[in-house]
Structures are given as C-alpha cells and as structure tokens.
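> Got a file for you: model_35.txt, compact mmCIF, C-alpha atoms and all ligand atoms.
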# COMPACT_ATOMS: atom_id res chain seq x y z
CA ASP A 23 -80.01 25.12 -10.09
CA ARG A 24 -80.91 28.20 -8.03
CA MET A 25 -78.98 28.33 -4.78
CA PHE A 26 -80.55 29.19 -1.47
CA PRO A 27 -78.72 31.99 0.38
CA ARG A 28 -75.91 30.75 2.59
CA PRO A 29 -76.17 31.86 6.24
CA LYS A 30 -73.51 34.28 7.46
CA THR A 31 -72.60 31.83 10.16
CA ARG A 32 -73.37 28.14 10.52
CA ARG A 33 -76.88 27.48 11.87
CA VAL A 34 -77.55 24.65 14.31
CA LEU A 35 -81.24 23.78 14.72
CA THR A 36 -82.71 21.34 17.18
CA VAL A 37 -85.95 19.77 16.00
CA ALA A 38 -87.89 19.10 19.17
CA ASN A 39 -91.33 18.20 20.46
CA GLN A 40 -91.71 15.60 23.18
CA LYS A 41 -94.82 14.28 21.47
CA GLY A 42 -94.14 11.36 19.15
CA GLY A 43 -95.44 11.26 15.61
CA VAL A 44 -95.69 15.02 15.02
CA GLY A 45 -93.23 15.07 12.12
CA LYS A 46 -89.88 15.79 13.77
CA THR A 47 -87.95 13.21 11.79
CA THR A 48 -89.83 13.76 8.56
CA SER A 49 -89.23 17.50 8.79
CA THR A 50 -85.56 17.08 9.74
CA VAL A 51 -84.63 14.89 6.78
CA ASN A 52 -86.74 16.68 4.18
CA LEU A 53 -85.68 20.19 5.18
CA ALA A 54 -82.07 19.00 5.20
CA ALA A 55 -82.50 17.44 1.76
CA GLY A 56 -84.09 20.65 0.45
CA LEU A 57 -81.21 22.79 1.64
CA ALA A 58 -78.65 20.34 0.22
CA LEU A 59 -80.48 20.26 -3.11
CA HIS A 60 -80.08 24.02 -3.32
CA GLY A 61 -76.39 24.19 -2.66
CA LEU A 62 -76.05 24.20 1.11
CA ARG A 63 -73.98 21.65 2.99
CA THR A 64 -76.24 20.10 5.60
CA LEU A 65 -75.56 17.71 8.45
CA VAL A 66 -78.26 15.70 10.20
CA ILE A 67 -77.50 14.43 13.69
CA ASP A 68 -79.79 11.52 14.48
CA LEU A 69 -80.35 11.69 18.23
CA ASP A 70 -83.24 9.23 18.41
CA PRO A 71 -82.31 5.60 19.22
CA GLN A 72 -85.01 4.56 16.72
CA GLY A 73 -82.72 5.82 13.97
CA ASN A 74 -85.58 6.92 11.72
CA ALA A 75 -83.67 9.89 10.32
CA SER A 76 -80.77 7.58 9.42
CA THR A 77 -83.22 5.26 7.66
CA ALA A 78 -84.81 8.06 5.65
CA LEU A 79 -81.39 9.27 4.54
CA GLY A 80 -80.42 5.76 3.43
CA VAL A 81 -77.57 5.66 5.92
CA ASP A 82 -76.39 2.45 7.61
CA HIS A 83 -77.31 2.33 11.29
CA ARG A 84 -77.10 -1.32 12.27
CA SER A 85 -75.84 -1.95 15.79
CA GLY A 86 -72.06 -1.54 15.78
CA THR A 87 -72.02 1.14 13.05
CA PRO A 88 -70.07 4.24 14.16
CA SER A 89 -72.77 6.55 15.46
CA ILE A 90 -73.68 9.50 17.63
CA TYR A 91 -73.47 7.17 20.63
CA GLU A 92 -69.67 6.80 20.33
CA VAL A 93 -69.44 10.54 19.69
CA LEU A 94 -71.34 11.35 22.91
CA LEU A 95 -69.09 9.00 24.86
CA GLY A 96 -66.08 10.84 23.45
CA GLU A 97 -64.78 7.71 21.74
CA MET A 98 -65.05 8.99 18.20
CA SER A 99 -64.97 12.31 16.38
CA LEU A 100 -68.03 13.67 14.64
CA ALA A 101 -66.38 13.46 11.21
CA ASP A 102 -65.44 9.81 11.76
CA ALA A 103 -69.05 8.90 12.52
CA ALA A 104 -70.55 10.96 9.69
CA GLN A 105 -71.73 9.33 6.49
CA THR A 106 -72.61 10.98 3.19
CA SER A 107 -76.18 10.32 2.09
CA ASP A 108 -76.43 8.81 -1.37
CA GLN A 109 -79.12 11.42 -2.09
CA SER A 110 -76.65 14.30 -2.25
CA ASP A 111 -72.93 14.79 -1.79
CA ARG A 112 -73.79 17.84 0.33
CA LEU A 113 -76.02 15.88 2.72
CA PHE A 114 -74.41 14.19 5.72
CA CYS A 115 -75.71 12.16 8.62
CA VAL A 116 -74.31 10.99 11.90
CA PRO A 117 -76.56 7.98 12.46
CA ALA A 118 -78.15 6.66 15.62
CA THR A 119 -78.00 2.98 16.45
CA ILE A 120 -79.99 1.13 19.07
CA ASP A 121 -76.94 1.53 21.35
CA LEU A 122 -78.17 5.06 21.99
CA ALA A 123 -81.20 3.69 23.84
CA GLY A 124 -79.23 3.22 27.05
CA SER A 125 -77.50 6.56 26.88
CA GLU A 126 -80.20 8.58 28.69
CA ILE A 127 -79.16 6.59 31.77
CA GLU A 128 -75.44 6.35 30.99
CA LEU A 129 -75.22 10.10 30.52
CA VAL A 130 -76.54 10.76 34.03
CA SER A 131 -73.26 9.87 35.71
CA MET A 132 -71.03 11.52 33.10
CA GLN A 133 -69.12 14.71 33.54
CA GLY A 134 -70.78 17.64 31.76
CA ARG A 135 -73.73 15.43 30.96
CA GLU A 136 -75.86 18.21 29.46
CA ALA A 137 -73.08 19.47 27.20
CA ARG A 138 -71.68 16.26 25.68
CA LEU A 139 -73.20 17.01 22.27
CA LYS A 140 -72.13 20.66 22.39
CA GLU A 141 -68.56 19.52 23.04
CA ALA A 142 -68.80 17.11 20.12
CA LEU A 143 -70.15 19.88 17.85
CA SER A 144 -67.27 22.26 18.49
CA ASP A 145 -66.33 24.57 15.61
CA GLU A 146 -63.19 22.53 15.12
CA ALA A 147 -65.13 19.25 14.84
CA LEU A 148 -67.77 20.75 12.56
CA ASN A 149 -65.20 22.39 10.29
CA GLU A 150 -64.10 18.94 9.14
CA ILE A 151 -67.54 18.44 7.60
CA ASP A 152 -68.09 22.16 7.07
CA PRO A 153 -71.90 22.23 7.07
CA ASP A 154 -73.88 25.44 6.58
CA TYR A 155 -76.76 23.82 8.47
CA VAL A 156 -76.91 21.26 11.26
CA PHE A 157 -80.25 19.67 12.17
CA ILE A 158 -80.56 17.60 15.34
CA ASP A 159 -83.46 15.14 15.31
CA CYS A 160 -84.64 14.63 18.89
CA PRO A 161 -86.31 11.62 20.48
CA PRO A 162 -89.92 12.04 21.70
CA SER A 163 -89.02 12.98 25.28
CA LEU A 164 -87.57 15.84 27.27
CA GLY A 165 -84.78 13.69 28.69
CA LEU A 166 -81.03 14.22 28.64
CA LEU A 167 -80.67 13.61 24.91
CA THR A 168 -83.09 16.43 24.11
CA VAL A 169 -81.40 18.67 26.71
CA ASN A 170 -78.07 17.93 24.99
CA ALA A 171 -79.62 18.93 21.67
CA MET A 172 -80.91 22.21 23.13
CA VAL A 173 -77.56 23.02 24.69
CA ALA A 174 -75.74 22.33 21.40
CA ALA A 175 -78.01 24.51 19.21
CA GLN A 176 -78.83 28.19 18.73
CA GLU A 177 -82.30 27.52 17.39
CA VAL A 178 -85.22 25.26 18.17
CA LEU A 179 -87.55 24.22 15.37
CA ILE A 180 -90.86 22.89 16.68
CA PRO A 181 -93.02 20.84 14.34
CA ILE A 182 -96.70 20.98 15.26
CA GLN A 183 -99.17 18.52 13.85
CA CYS A 184 -102.45 20.07 12.70
CA GLU A 185 -104.49 17.69 14.81
CA TYR A 186 -106.47 17.36 18.01
CA TYR A 187 -104.33 18.05 21.08
CA ALA A 188 -101.68 19.71 18.90
CA LEU A 189 -101.02 22.31 21.55
CA GLU A 190 -101.13 19.85 24.40
CA GLY A 191 -97.68 19.51 25.88
CA LEU A 192 -96.42 22.61 24.10
CA SER A 193 -96.32 24.70 27.27
CA GLN A 194 -94.24 21.98 28.91
CA LEU A 195 -91.83 22.06 25.96
CA LEU A 196 -91.58 25.86 26.12
CA ARG A 197 -90.99 25.74 29.88
CA ASN A 198 -88.13 23.29 29.34
CA ILE A 199 -86.66 25.52 26.66
CA GLU A 200 -86.80 28.43 29.14
CA LEU A 201 -85.01 26.35 31.74
CA VAL A 202 -82.26 25.53 29.25
CA GLN A 203 -82.06 29.22 28.30
CA SER A 204 -81.64 30.39 31.86
CA HIS A 205 -79.25 27.69 33.07
CA LEU A 206 -77.40 26.14 30.15
CA ASN A 207 -77.67 28.04 26.87
CA ARG A 208 -78.46 31.75 26.81
CA ASN A 209 -78.27 31.87 23.02
CA LEU A 210 -81.14 29.47 22.41
CA THR A 211 -84.25 30.80 20.65
CA VAL A 212 -87.39 29.21 19.27
CA SER A 213 -86.77 30.46 15.76
CA THR A 214 -89.13 28.31 13.73
CA ILE A 215 -92.49 26.58 14.03
CA LEU A 216 -93.59 24.30 11.22
CA LEU A 217 -97.17 23.11 10.82
CA THR A 218 -97.22 19.52 9.58
CA MET A 219 -99.69 16.92 8.33
CA TYR A 220 -102.25 19.55 7.36
CA ASP A 221 -105.46 18.07 6.03
CA GLY A 222 -107.41 20.76 4.17
CA ARG A 223 -110.60 18.73 4.27
CA THR A 224 -110.99 19.20 7.99
CA LYS A 225 -112.15 22.33 9.78
CA LEU A 226 -109.99 21.32 12.68
CA ALA A 227 -106.77 21.71 10.69
CA ASP A 228 -107.63 25.36 10.00
CA GLN A 229 -108.57 25.94 13.62
CA VAL A 230 -105.24 24.58 14.80
CA THR A 231 -103.36 26.56 12.15
CA ASN A 232 -105.07 29.82 13.19
CA GLU A 233 -104.55 29.17 16.85
CA VAL A 234 -100.83 28.49 16.38
CA ARG A 235 -100.39 31.57 14.16
CA ASN A 236 -102.24 33.80 16.65
CA HIS A 237 -100.08 32.55 19.46
CA PHE A 238 -96.67 32.41 17.78
CA GLY A 239 -96.93 34.99 14.99
CA ASP A 240 -94.01 35.20 12.58
CA THR A 241 -92.17 32.32 14.18
CA VAL A 242 -94.55 30.08 12.23
CA LEU A 243 -93.41 29.41 8.67
CA LYS A 244 -95.87 30.49 5.97
CA THR A 245 -95.48 27.11 4.34
CA VAL A 246 -97.66 24.37 5.79
CA ILE A 247 -96.82 20.72 5.11
CA PRO A 248 -99.84 18.79 3.80
CA ARG A 249 -100.66 15.27 4.84
CA SER A 250 -99.53 13.15 1.90
CA VAL A 251 -99.07 9.45 1.33
CA LYS A 252 -95.83 10.05 -0.60
CA VAL A 253 -94.26 11.63 2.46
CA SER A 254 -95.01 8.57 4.57
CA GLU A 255 -93.94 6.10 1.86
CA ALA A 256 -90.51 7.60 1.20
CA PRO A 257 -88.67 6.31 4.32
CA GLY A 258 -89.62 2.75 3.35
CA TYR A 259 -87.34 3.24 0.35
CA GLY A 260 -84.55 4.77 2.40
CA GLN A 261 -85.31 8.12 0.83
CA THR A 262 -86.54 11.60 1.58
CA VAL A 263 -89.69 12.58 -0.29
CA LEU A 264 -87.55 14.99 -2.30
CA ALA A 265 -85.71 12.00 -3.77
CA TYR A 266 -88.65 9.61 -3.81
CA ASP A 267 -91.14 11.84 -5.61
CA PRO A 268 -89.71 15.32 -6.29
CA GLY A 269 -92.85 16.58 -8.00
CA SER A 270 -95.23 15.62 -5.20
CA ARG A 271 -97.00 18.17 -3.05
CA GLY A 272 -95.14 16.94 0.00
CA ALA A 273 -91.76 17.41 -1.67
CA MET A 274 -92.67 20.87 -2.98
CA SER A 275 -93.86 22.01 0.44
CA TYR A 276 -90.73 20.84 2.19
CA LEU A 277 -88.69 22.63 -0.45
CA ASP A 278 -90.71 25.82 0.15
CA ALA A 279 -90.23 25.48 3.90
CA ALA A 280 -86.47 24.96 3.43
CA ARG A 281 -86.33 28.09 1.26
CA GLU A 282 -88.14 30.11 3.93
CA ILE A 283 -85.71 28.93 6.58
CA ALA A 284 -82.73 29.79 4.37
CA GLU A 285 -84.12 33.23 3.50
CA ARG A 286 -84.79 34.06 7.14
CA GLY A 287 -81.27 32.97 7.99
CA ALA A 288 -79.86 35.31 5.38
CA ASP A 289 -81.38 38.35 7.16
CA ALA A 290 -80.30 37.22 10.60
P1 LIG A 301 -91.74 12.10 14.91
O1 LIG A 301 -90.32 12.09 14.46
O2 LIG A 301 -92.16 13.41 15.52
O3 LIG A 301 -92.07 10.95 15.81
P2 LIG A 301 -92.34 11.34 12.20
O4 LIG A 301 -91.66 12.35 11.36
O5 LIG A 301 -91.66 10.02 12.34
O6 LIG A 301 -92.67 11.95 13.63
O7 LIG A 301 -93.81 11.15 11.62
C1 LIG A 301 -94.72 10.23 12.22
C2 LIG A 301 -95.41 9.41 11.14
O8 LIG A 301 -96.18 10.26 10.32
C3 LIG A 301 -94.43 8.70 10.22
O9 LIG A 301 -94.96 7.45 9.88
C4 LIG A 301 -94.36 9.60 9.01
O10 LIG A 301 -94.05 8.91 7.83
C5 LIG A 301 -95.77 10.17 8.96
N1 LIG A 301 -95.80 11.52 8.38
C6 LIG A 301 -95.04 12.59 8.74
N2 LIG A 301 -95.35 13.66 8.01
C7 LIG A 301 -96.33 13.29 7.15
C8 LIG A 301 -97.08 13.95 6.14
N3 LIG A 301 -96.88 15.23 5.83
N4 LIG A 301 -98.00 13.23 5.46
C9 LIG A 301 -98.22 11.92 5.76
N5 LIG A 301 -97.55 11.24 6.70
C10 LIG A 301 -96.62 11.91 7.40
MG MG A 302 -88.71 10.84 15.09
Take the structure in the file and give it back as structure tokens.

Amino acid sequence: DRMFPRPKTRRVLTVANQKGGVGKTTSTVNLAAGLALHGLRTLVIDLDPQGNASTALGVDHRSGTPSIYEVLLGEMSLADAAQTSDQSDRLFCVPATIDLAGSEIELVSMQGREARLKEALSDEALNEIDPDYVFIDCPPSLGLLTVNAMVAAQEVLIPIQCEYYALEGLSQLLRNIELVQSHLNRNLTVSTILLTMYDGRTKLADQVTNEVRNHFGDTVLKTVIPRSVKVSEAPGYGQTVLAYDPGSRGAMSYLDAAREIAERGADA
C-alpha cells in the first residue's frame, strides 16, 4: 500500500560488524524485505560464505550456483548472478556459495583486490537490476571481503546487539572504516546504527542502548529491534520475518526501521 520515499540517488549500504551473531544478516534481509514491501527495488549482496542471507531470502546457493564469487572473479555479471526472491518481485539477491570461503586468500594476489566489488557494482551493472537500495551483508571479519564491501558502498550500517560486550570491538571497526575512508573510499560514512536483540526485561539492554545513543547520537535509529523467537525461526523456512509472520513484533520493528532509513534517505 503506502510507498516509502524513493531516494534521489541509489543508496548502497554495507552491513558490517566483525563480531558474529550481532544481527547483520537478520537486519540485512528484513530491512531489504521491508523496503521492497513498500515499493522500493532492493538488492541484497550476500558476501558471507555461510550464505545465510541467501537462505533467508529463499534463494538457491548450493555450490555451483552462479554467485557473488564468480562476480568478484570477473567471470559473470551482477545481473546474471542475481535471483529474484519469491517473497517479492522487487527483492533481489546475489547469493553466496561456499566457494566464497577461499576468496579472502584468492583476492590477495588479484589486481585491484580491494575494489573488485566496486567494479562489479558499477552504475552500468546495477542499472540492469535497477535497485533503489543495495545492502551488502558482510562476513564476521575485517578481511578483504569486508574491505571490498566498504569500498563499494557510500554508507555503513552497524548492527549492535544489546548485550554484554556490545561495544567491544567497535573501536576496531571504526578505525578500519577510517582507514578505508582515508585510503580507498572518501565518500564512506557511518550513516546508520541499529540496536538489535533488545530484551526489555534486562537492565543491561537499557544500559547498552543509552550508552550507544550517548556516543553515536542521531546515527542510531529510533527503532530498536526486540529479541523475538519469530525472527530466529523465519530463516528455517527460507523466509524473512516479514513473510513468515508479518504481524509479529519483530516484523513490525524491522518495517519501522526500514521506514526510518527510507525517510532519512529522502532528506539526504
Ligand atoms: P550475524 O549475521 O551478525 O552473524 P545473525 O543475523 O545471523 O547475525 O543473527 C545471529 C543469530 O541470532 C541468528 O540465529 C538469528 O536468527 C538470531 N537473531 C537475530 N536477530 C534476532 C532477534 N531480533 N530475535 C531473536 N533472534 C535473533
Ligand atoms: Mg551473518
């Protein structure tokens, strides 16, 4: 029904945090689904060899499936590797297969190793799919794949889990982003921080939330994603939570977060 505002120019967001299990993949697929549901063409690039984003979008990613690996090697165009999610005809995914696992090492000896993804996401290549939004789901490391994602994007979205040690490792992430800014991609900004897996029953969750808001101010989305069983069940059905249980709190919060992102983009 109601459309979210379309950005003036295509937005490319890298979803990064070198900690595993903080909600990168969950946020990527559900924000993408929320934007697609409200009229915006959205492409998810799965850059984690685990292929969890591909799974959650119900997209084939068995070994041998055309994937981001072939795209990074320059053997295949982005559009040829992209699949349409059965959850929306506006939602696309370039899957990751296990073949990507070796690429951190293979990339080392390649020409322009930090900019392979940027090359693959040229305007010309993206125009074939014509997304309003591109989300890049990073692996849990600060290796070459994540560097490629940061070089290819204008924005970094950092999910932070409302848990013990949430801020641990964050200064390392920010330092790496600064390095990319000064050497490889001047246009990169940390545009968005999303608090995930909030458990209102714990004092700790509020402490973490306050600490992150004090430190990062308006970069932090107003919407906080609650911890919810539905969110964790959905990928088992090859679905986002928006498809699996649209009325659930998890689905509603991801939709709210997607709206906030779209509304911010409209002012930019
Ligand atoms: P990452 O990509 O950063 O490693 P994931 O998105 O895969 O993290 O999330 C880690 C685990 O936590 C997954 O099993 C996922 O289903 C679960 N999870 C993520 N967000 C929520 C949430 N809001 N409520 C409950 N479980 C969640
Ligand atoms: Mg992940």
> If you take all atoms listed in the file and a cut-off of 10 Å, which residues of chain A touch ligand MG 302 (chain A), and what are their nearest atom pairs and distances in Å to one decimal, in chain and number order, as JSON lines?

{"residue": "A:Val37", "atom": "CA", "partner": "A:MG302", "partner_atom": "MG", "distance": 9.4}
{"residue": "A:Ala38", "atom": "CA", "partner": "A:MG302", "partner_atom": "MG", "distance": 9.2}
{"residue": "A:Asn39", "atom": "CA", "partner": "A:MG302", "partner_atom": "MG", "distance": 9.5}
{"residue": "A:Gln40", "atom": "CA", "partner": "A:MG302", "partner_atom": "MG", "distance": 9.9}
{"residue": "A:Lys41", "atom": "CA", "partner": "A:MG302", "partner_atom": "MG", "distance": 9.5}
{"residue": "A:Gly42", "atom": "CA", "partner": "A:MG302", "partner_atom": "MG", "distance": 6.8}
{"residue": "A:Gly43", "atom": "CA", "partner": "A:MG302", "partner_atom": "MG", "distance": 6.8}
{"residue": "A:Val44", "atom": "CA", "partner": "A:MG302", "partner_atom": "MG", "distance": 8.1}
{"residue": "A:Gly45", "atom": "CA", "partner": "A:MG302", "partner_atom": "MG", "distance": 6.9}
{"residue": "A:Lys46", "atom": "CA", "partner": "A:MG302", "partner_atom": "MG", "distance": 5.3}
{"residue": "A:Thr47", "atom": "CA", "partner": "A:MG302", "partner_atom": "MG", "distance": 4.1}
{"residue": "A:Thr48", "atom": "CA", "partner": "A:MG302", "partner_atom": "MG", "distance": 7.2}
{"residue": "A:Ser49", "atom": "CA", "partner": "A:MG302", "partner_atom": "MG", "distance": 9.2}
{"residue": "A:Thr50", "atom": "CA", "partner": "A:MG302", "partner_atom": "MG", "distance": 8.8}
{"residue": "A:Asp68", "atom": "CA", "partner": "A:MG302", "partner_atom": "MG", "distance": 9.0}
{"residue": "A:Leu69", "atom": "CA", "partner": "A:MG302", "partner_atom": "MG", "distance": 9.0}
{"residue": "A:Asp70", "atom": "CA", "partner": "A:MG302", "partner_atom": "MG", "distance": 6.6}
{"residue": "A:Pro71", "atom": "CA", "partner": "A:MG302", "partner_atom": "MG", "distance": 9.2}
{"residue": "A:Gln72", "atom": "CA", "partner": "A:MG302", "partner_atom": "MG", "distance": 7.5}
{"residue": "A:Gly73", "atom": "CA", "partner": "A:MG302", "partner_atom": "MG", "distance": 7.9}
{"residue": "A:Asn74", "atom": "CA", "partner": "A:MG302", "partner_atom": "MG", "distance": 6.0}
{"residue": "A:Ala75", "atom": "CA", "partner": "A:MG302", "partner_atom": "MG", "distance": 7.0}
{"residue": "A:Asp159", "atom": "CA", "partner": "A:MG302", "partner_atom": "MG", "distance": 6.8}
{"residue": "A:Cys160", "atom": "CA", "partner": "A:MG302", "partner_atom": "MG", "distance": 6.7}
{"residue": "A:Pro161", "atom": "CA", "partner": "A:MG302", "partner_atom": "MG", "distance": 6.0}
{"residue": "A:Pro162", "atom": "CA", "partner": "A:MG302", "partner_atom": "MG", "distance": 6.8}
> Residues within 10 Å of Val234 of chain A, please, as a ChimeraX atom specification. Count only C-alpha atoms; anything in the same chain fewer than 3 positions from it doesn't count.
/A:182,184,188-189,215-217,228-231,237-239,241-242
> Compare A:Gly222, A:Val246, A:Ala227, A:Val251 by their minimum atom-to-atom distance to Leu277 of chain A, counting all atoms listed in the file, and give me the closest one.
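Smallest distance to Leu277 of chain A is found for A:Val246.
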> Ranking A:Thr77, A:Asn149, A:Ser99, A:Thr31 by minimum distance to ligand LIG 301 (chain A) and counting only C-alpha atoms and all ligand atoms, which one comes first?
A:Thr77
> Just the number, please: distance in Å from atom CA of Val202 of chain A to atom C10 of ligand LIG 301 (chain A), one decimal.
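Calculated distance between atom CA of Val202 of chain A and atom C10 of ligand LIG 301 (chain A) is 29.5 Å.
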> Can you tell me how far atom O5 of ligand LIG 301 (chain A) sits from atom CA of Ser213 of chain A, in Å to one decimal?
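Separating atom O5 of ligand LIG 301 (chain A) from atom CA of Ser213 of chain A is a distance of 21.3 Å.
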> At a cut-off of 12 Å from (-76.6, 34.4, 0.2) in the coordinates of the file, what residues are picked up using all atoms listed in the file, written as a list of chain:residue names?
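All residues meeting the 12 Å criterion around (-76.6, 34.4, 0.2) are A:Arg24, A:Met25, A:Phe26, A:Pro27, A:Arg28, A:Pro29, A:Lys30, A:Thr31, A:His60, A:Gly61, A:Leu62, A:Asp154, A:Arg281, A:Ala284, A:Glu285, A:Arg286, A:Gly287, A:Ala288, A:Asp289, A:Ala290.
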> What is the atom CA of Pro181 of chain A to atom CA of Thr245 of chain A distance in Å?
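We find that atom CA of Pro181 of chain A and atom CA of Thr245 of chain A lie 12.1 Å from each other.
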> Let me make sure I understand: among A:Glu92, A:Tyr186, A:Val212, A:Ile158, which one has the smallest atom-to-atom distance to Lys225 of chain A if we use all atoms listed in the file?
A:Tyr186
> I'd like to know which of A:Leu148, A:Met274, A:Ile199, A:Leu65 is closest to ligand LIG 301 (chain A), using all atoms listed in the file.
A:Met274
> Show which residues sit within 10 Å of Gly258 of chain A, as a PDB file with C-alpha atoms, in the coordinates of the input. Count all atoms listed in the file, and ignore same-chain residues fewer than 3 positions away.

ATOM      1  CA  THR A  77     -83.220   5.260   7.660  1.00  0.00           C
ATOM      2  CA  ALA A  78     -84.810   8.060   5.650  1.00  0.00           C
ATOM      3  CA  GLY A  80     -80.420   5.760   3.430  1.00  0.00           C
ATOM      4  CA  SER A 254     -95.010   8.570   4.570  1.00  0.00           C
ATOM      5  CA  GLU A 255     -93.940   6.100   1.860  1.00  0.00           C
ATOM      6  CA  GLN A 261     -85.310   8.120   0.830  1.00  0.00           C
ATOM      7  CA  THR A 262     -86.540  11.600   1.580  1.00  0.00           C
ATOM      8  CA  TYR A 266     -88.650   9.610  -3.810  1.00  0.00           C
TER       9      TYR A 266
END
> Please determine, counting only C-alpha atoms, which residue among A:Leu79, A:Ala118, A:Val169, A:Val34 has the shortest atom-to-atom distance to Val263 of chain A.
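The answer is A:Leu79, which sits nearest to Val263 of chain A.
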> Some atoms are missing, so please complete segment 37-57 of chain A with N, CA and C atoms and return it as a compact mmCIF listing (two decimals), in the coordinates of the input.

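Result saved to part.txt:
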# COMPACT_ATOMS: atom_id res chain seq x y z
N VAL A 37 -84.55 20.03 16.34
CA VAL A 37 -85.95 19.77 16.00
C VAL A 37 -86.56 18.99 17.16
N ALA A 38 -87.41 19.68 17.91
CA ALA A 38 -87.89 19.10 19.17
C ALA A 38 -89.39 19.23 19.36
N ASN A 39 -89.95 18.23 19.97
CA ASN A 39 -91.33 18.20 20.46
C ASN A 39 -91.43 16.85 21.16
N GLN A 40 -91.75 16.87 22.44
CA GLN A 40 -91.71 15.60 23.18
C GLN A 40 -92.83 14.66 22.78
N LYS A 41 -93.80 15.18 22.00
CA LYS A 41 -94.82 14.28 21.47
C LYS A 41 -94.23 13.46 20.32
N GLY A 42 -94.57 12.20 20.27
CA GLY A 42 -94.14 11.36 19.15
C GLY A 42 -95.09 11.53 17.98
N GLY A 43 -94.58 11.29 16.78
CA GLY A 43 -95.44 11.26 15.61
C GLY A 43 -95.94 12.61 15.12
N VAL A 44 -95.25 13.69 15.48
CA VAL A 44 -95.69 15.02 15.02
C VAL A 44 -94.95 15.48 13.76
N GLY A 45 -93.96 14.70 13.34
CA GLY A 45 -93.23 15.07 12.12
C GLY A 45 -91.83 15.61 12.36
N LYS A 46 -91.26 15.34 13.52
CA LYS A 46 -89.88 15.79 13.77
C LYS A 46 -88.91 15.20 12.74
N THR A 47 -88.92 13.88 12.65
CA THR A 47 -87.95 13.21 11.79
C THR A 47 -88.21 13.53 10.32
N THR A 48 -89.47 13.47 9.94
CA THR A 48 -89.83 13.76 8.56
C THR A 48 -89.39 15.17 8.17
N SER A 49 -89.62 16.11 9.08
CA SER A 49 -89.23 17.50 8.79
C SER A 49 -87.71 17.64 8.76
N THR A 50 -87.03 17.01 9.70
CA THR A 50 -85.56 17.08 9.74
C THR A 50 -84.96 16.64 8.41
N VAL A 51 -85.32 15.44 7.96
CA VAL A 51 -84.63 14.89 6.78
C VAL A 51 -85.04 15.62 5.50
N ASN A 52 -86.30 16.04 5.42
CA ASN A 52 -86.74 16.68 4.18
C ASN A 52 -86.28 18.13 4.08
N LEU A 53 -86.24 18.84 5.20
CA LEU A 53 -85.68 20.19 5.18
C LEU A 53 -84.19 20.12 4.85
N ALA A 54 -83.51 19.16 5.47
CA ALA A 54 -82.07 19.00 5.20
C ALA A 54 -81.83 18.69 3.73
N ALA A 55 -82.64 17.80 3.17
CA ALA A 55 -82.50 17.44 1.76
C ALA A 55 -82.78 18.65 0.86
N GLY A 56 -83.75 19.46 1.24
CA GLY A 56 -84.09 20.65 0.45
C GLY A 56 -82.95 21.65 0.43
N LEU A 57 -82.34 21.86 1.57
CA LEU A 57 -81.21 22.79 1.64
C LEU A 57 -80.03 22.26 0.84
